[in-house]
Amino acid sequence: MEQAQEWINYGLELAKEFGPKLVTALLIYIIGSWVIKKLLKGVRKVMAKSKYDESLQRFLLNLLSWALKVFLIIVVISRLGVDVTTFAAVIAAAGLAIVLALQGSLSNFAGGVLIMIFKPYRIGDLIEAQGVLGGVKEIEIFTTKLITPENKLAIVPNGAMANGNIVNYTAEGKIRVDTVIGVAYEEDIKTVKEVLLKVLTDNPKVLQDPAPSVNVLELADSSVNFAVRPFSKPEDYWDVYFATYEGCKLALDEAGIEIPYPHEVEVQKVLK
């Protein structure tokens, strides 16, 4: 009983000594988190009114959020009675170890800063980088998020993005759609070009500046192949791509122009 009473007394002493500090630290954390949330919301509104680039907005807000949260944690720890100087020394020592262990992450952070400075792409741009084609959904501190044409989320490290080749299909505001259409050797080239060019000019999503073009690409084994090249807005690329093939097929059929296929191979399949 005496030992139990000693433990109870010891617990009461600890509660009396650290209880107020713990409650105060908890209140500081709750109020501080609320203030940070409101502050970030205010900064976001100011940036929006100042017409900051959306990519830069998100990057700076992420950075500010991390900095404020670290500061809040230091304040809370100091309120608990921990010597901040000692704590800072521990953080510095741990920071060195973390720096050595997370060199790749620091490289990604530096890459994110470079992306913000030089702006090789922005949110909403259609780009191809590191073997991934997709629209830029978000540029974060360490990574860039892309949405692929298959609606998959691809997360690419900023270090690799900053140090690799980037093809930005949106930067110029227009993109060429490359398609190839083949017709029989017996068909008149001039007539074929007129039919195919009409398909392009009749499509409202095909830009007229630069003008679409239809040219003989190659004399293949069983067909004369035409390079059918309309321009479109980047967001209309796939609509124009599919519409061009479908429209060319329908137009050639209507004009009685033959689209060749390997007849000999089909005959051999039937004989087998």
# chains A, B, ... in the order shown; residues from 1 in each chain; ligands from 1

$ closest_atom_pairs --of "stretch 211-234 of chain A" --to "stretch 240-254 of chain A" --cutoff "12 Å" --atoms "only C-alpha atoms" --output "CSV"
residue,atom,partner,partner_atom,distance
A:Pro212,CA,A:Thr244,CA,11.4
A:Val214,CA,A:Cys248,CA,11.5
A:Phe226,CA,A:Cys248,CA,11.1
A:Ala227,CA,A:Thr244,CA,11.6
A:Val228,CA,A:Thr244,CA,8.3
A:Arg229,CA,A:Thr244,CA,9.2
A:Pro230,CA,A:Val240,CA,8.0
A:Phe231,CA,A:Val240,CA,8.5
A:Ser232,CA,A:Val240,CA,7.1
A:Lys233,CA,A:Val240,CA,9.3
A:Pro234,CA,A:Val240,CA,10.0

$ atom_distance --atom1 "atom CA of A:Asp125" --atom2 "atom CA of A:Asp209"
20.8 Å

$ residues_around --residues "stretch 136-150 of chain A" --least-positions-apart "3" --cutoff "6 Å" --atoms "only C-alpha atoms" --output "number ranges by chain"
A: 59, 108-109, 112, 123-125, 133, 153-158

$ write_last_selection --atoms "C-alpha atoms" --output "PDB file, in the first residue's frame"
ATOM      1  CA  PHE A  59       4.503  25.492 -54.792  1.00  0.00           C
ATOM      2  CA  ASN A 108      13.940  16.778 -56.258  1.00  0.00           C
ATOM      3  CA  PHE A 109      13.411  19.902 -54.146  1.00  0.00           C
ATOM      4  CA  GLY A 112      11.084  21.884 -58.123  1.00  0.00           C
ATOM      5  CA  ILE A 123      -0.477  23.247 -64.627  1.00  0.00           C
ATOM      6  CA  GLY A 124      -2.766  22.142 -67.450  1.00  0.00           C
ATOM      7  CA  ASP A 125       0.017  21.768 -70.040  1.00  0.00           C
ATOM      8  CA  LEU A 133       2.859  11.630 -71.725  1.00  0.00           C
ATOM      9  CA  LEU A 153      -1.942   9.332 -62.340  1.00  0.00           C
ATOM     10  CA  ALA A 154       1.816   9.445 -62.965  1.00  0.00           C
ATOM     11  CA  ILE A 155       4.070  10.919 -60.266  1.00  0.00           C
ATOM     12  CA  VAL A 156       7.492  11.983 -61.586  1.00  0.00           C
ATOM     13  CA  PRO A 157      10.349  13.272 -59.353  1.00  0.00           C
ATOM     14  CA  ASN A 158      11.169  16.928 -59.990  1.00  0.00           C
TER      15      ASN A 158
END

$ atom_distance --atom1 "atom CA of A:Ala171" --atom2 "atom CA of A:Tyr121"
7.6 Å

$ closest_residue --among "A:Val180, A:Gly42, A:Ile257, A:Tyr169" --to "A:Gly135" --atoms "only C-alpha atoms"
A:Tyr169

$ residues_around --residues "A:Leu114" --least-positions-apart "3" --cutoff "10 Å" --atoms "only C-alpha atoms" --output "ChimeraX atom specification"
/A:108-111,117-120,158-159,161-163

$ write_last_selection --atoms "N, CA and C atoms" --output "PDB file, in the first residue's frame"
ATOM      1  N   ASN A 108      15.304  16.544 -55.776  1.00  0.00           N
ATOM      2  CA  ASN A 108      13.940  16.778 -56.258  1.00  0.00           C
ATOM      3  C   ASN A 108      13.434  18.152 -55.837  1.00  0.00           C
ATOM      4  N   PHE A 109      13.803  18.569 -54.612  1.00  0.00           N
ATOM      5  CA  PHE A 109      13.411  19.902 -54.146  1.00  0.00           C
ATOM      6  C   PHE A 109      14.058  20.977 -55.015  1.00  0.00           C
ATOM      7  N   ALA A 110      15.359  20.804 -55.267  1.00  0.00           N
ATOM      8  CA  ALA A 110      16.067  21.764 -56.129  1.00  0.00           C
ATOM      9  C   ALA A 110      15.451  21.773 -57.524  1.00  0.00           C
ATOM     10  N   GLY A 111      15.072  20.582 -58.007  1.00  0.00           N
ATOM     11  CA  GLY A 111      14.426  20.501 -59.310  1.00  0.00           C
ATOM     12  C   GLY A 111      13.109  21.253 -59.330  1.00  0.00           C
ATOM     13  N   ILE A 117      11.230  28.501 -61.405  1.00  0.00           N
ATOM     14  CA  ILE A 117      11.958  29.663 -61.936  1.00  0.00           C
ATOM     15  C   ILE A 117      11.865  29.734 -63.458  1.00  0.00           C
ATOM     16  N   PHE A 118      12.158  28.618 -64.115  1.00  0.00           N
ATOM     17  CA  PHE A 118      12.251  28.625 -65.582  1.00  0.00           C
ATOM     18  C   PHE A 118      10.933  28.270 -66.272  1.00  0.00           C
ATOM     19  N   LYS A 119      10.002  27.656 -65.534  1.00  0.00           N
ATOM     20  CA  LYS A 119       8.663  27.348 -66.046  1.00  0.00           C
ATOM     21  C   LYS A 119       8.680  26.626 -67.404  1.00  0.00           C
ATOM     22  N   PRO A 120       9.295  25.456 -67.488  1.00  0.00           N
ATOM     23  CA  PRO A 120       9.227  24.700 -68.739  1.00  0.00           C
ATOM     24  C   PRO A 120       7.824  24.167 -69.003  1.00  0.00           C
ATOM     25  N   ASN A 158      10.784  15.660 -59.375  1.00  0.00           N
ATOM     26  CA  ASN A 158      11.169  16.928 -59.990  1.00  0.00           C
ATOM     27  C   ASN A 158      12.635  16.970 -60.397  1.00  0.00           C
ATOM     28  N   GLY A 159      13.487  16.222 -59.670  1.00  0.00           N
ATOM     29  CA  GLY A 159      14.904  16.185 -60.036  1.00  0.00           C
ATOM     30  C   GLY A 159      15.077  15.643 -61.440  1.00  0.00           C
ATOM     31  N   MET A 161      12.745  15.568 -63.734  1.00  0.00           N
ATOM     32  CA  MET A 161      12.086  16.475 -64.677  1.00  0.00           C
ATOM     33  C   MET A 161      12.995  17.647 -65.039  1.00  0.00           C
ATOM     34  N   ALA A 162      13.675  18.193 -64.031  1.00  0.00           N
ATOM     35  CA  ALA A 162      14.518  19.365 -64.261  1.00  0.00           C
ATOM     36  C   ALA A 162      15.775  19.020 -65.053  1.00  0.00           C
ATOM     37  N   ASN A 163      16.234  17.772 -64.941  1.00  0.00           N
ATOM     38  CA  ASN A 163      17.489  17.381 -65.592  1.00  0.00           C
ATOM     39  C   ASN A 163      17.289  16.577 -66.872  1.00  0.00           C
TER      40      ASN A 163
END

$ atom_distance --atom1 "atom CA of A:Leu196" --atom2 "atom CA of A:Gly256"
12.9 Å

$ select_by_dssp --residues "stretch 53-262 of chain A" --states "strand (DSSP E or B)" --output "short mmCIF file (atom, residue, chain, number, x, y, z; two decimals) with C-alpha atoms, in the first residue's frame"
data_model
loop_
_atom_site.label_atom_id
_atom_site.label_comp_id
_atom_site.auth_asym_id
_atom_site.auth_seq_id
_atom_site.Cartn_x
_atom_site.Cartn_y
_atom_site.Cartn_z
CA LEU A 126 0.28 18.57 -72.08
CA ILE A 127 3.89 17.39 -71.81
CA GLU A 128 6.06 14.35 -72.42
CA ALA A 129 8.94 13.70 -70.01
CA VAL A 132 5.40 9.70 -69.65
CA LEU A 133 2.86 11.63 -71.72
CA GLY A 134 0.17 13.49 -69.82
CA GLY A 135 -1.43 16.70 -68.65
CA VAL A 136 0.18 18.46 -65.69
CA LYS A 137 -2.20 18.14 -62.74
CA GLU A 138 0.01 19.54 -59.99
CA ILE A 139 3.58 20.70 -59.36
CA THR A 143 7.19 15.76 -57.56
CA THR A 144 5.09 16.61 -60.59
CA LYS A 145 1.76 14.84 -61.07
CA LEU A 146 0.60 14.01 -64.60
CA ILE A 147 -2.70 12.61 -65.86
CA LEU A 153 -1.94 9.33 -62.34
CA ALA A 154 1.82 9.45 -62.97
CA ILE A 155 4.07 10.92 -60.27
CA VAL A 156 7.49 11.98 -61.59
CA PRO A 157 10.35 13.27 -59.35
CA ILE A 166 10.75 17.85 -71.72
CA VAL A 167 8.45 18.15 -74.72
CA ASN A 168 5.71 20.70 -74.08
CA ILE A 175 -0.06 20.99 -82.26
CA ARG A 176 0.24 19.09 -85.54
CA THR A 179 -1.83 10.74 -89.84
CA VAL A 180 -1.06 8.56 -92.87
CA ILE A 181 -3.66 7.48 -95.44
CA GLY A 182 -2.87 5.02 -98.25
CA VAL A 183 -4.70 4.69 -101.60
CA LEU A 207 -7.04 25.09 -87.22
CA SER A 213 -1.71 19.93 -95.56
CA VAL A 214 -1.98 16.75 -97.63
CA ASN A 215 1.15 15.54 -99.42
CA VAL A 216 2.50 12.33 -100.93
CA LEU A 217 4.61 10.73 -98.23
CA GLU A 218 5.92 7.57 -99.88
CA LEU A 219 5.37 5.06 -102.67
CA VAL A 224 0.57 5.55 -102.35
CA ASN A 225 0.73 6.94 -98.82
CA PHE A 226 -0.33 10.50 -98.06
CA ALA A 227 0.80 12.52 -95.06
CA VAL A 228 -2.44 14.08 -93.80
CA ARG A 229 -1.44 16.78 -91.31
CA PHE A 231 -3.20 21.39 -86.75
CA SER A 232 -5.36 21.59 -83.64
#

$ residues_around --residues "stretch 65-80 of chain A" --least-positions-apart "6" --cutoff "7 Å" --atoms "only C-alpha atoms" --output "compact mmCIF listing (two decimals) with C-alpha atoms, in the first residue's frame"
# COMPACT_ATOMS: atom_id res chain seq x y z
CA LYS A 21 2.58 22.94 -19.59
CA LEU A 22 0.96 20.07 -21.48
CA ALA A 25 1.23 23.26 -25.38
CA ILE A 28 -0.88 26.43 -28.65
CA TYR A 29 -0.87 23.57 -31.17
CA GLY A 32 -1.51 27.60 -34.08
CA ILE A 36 -1.80 28.57 -40.07
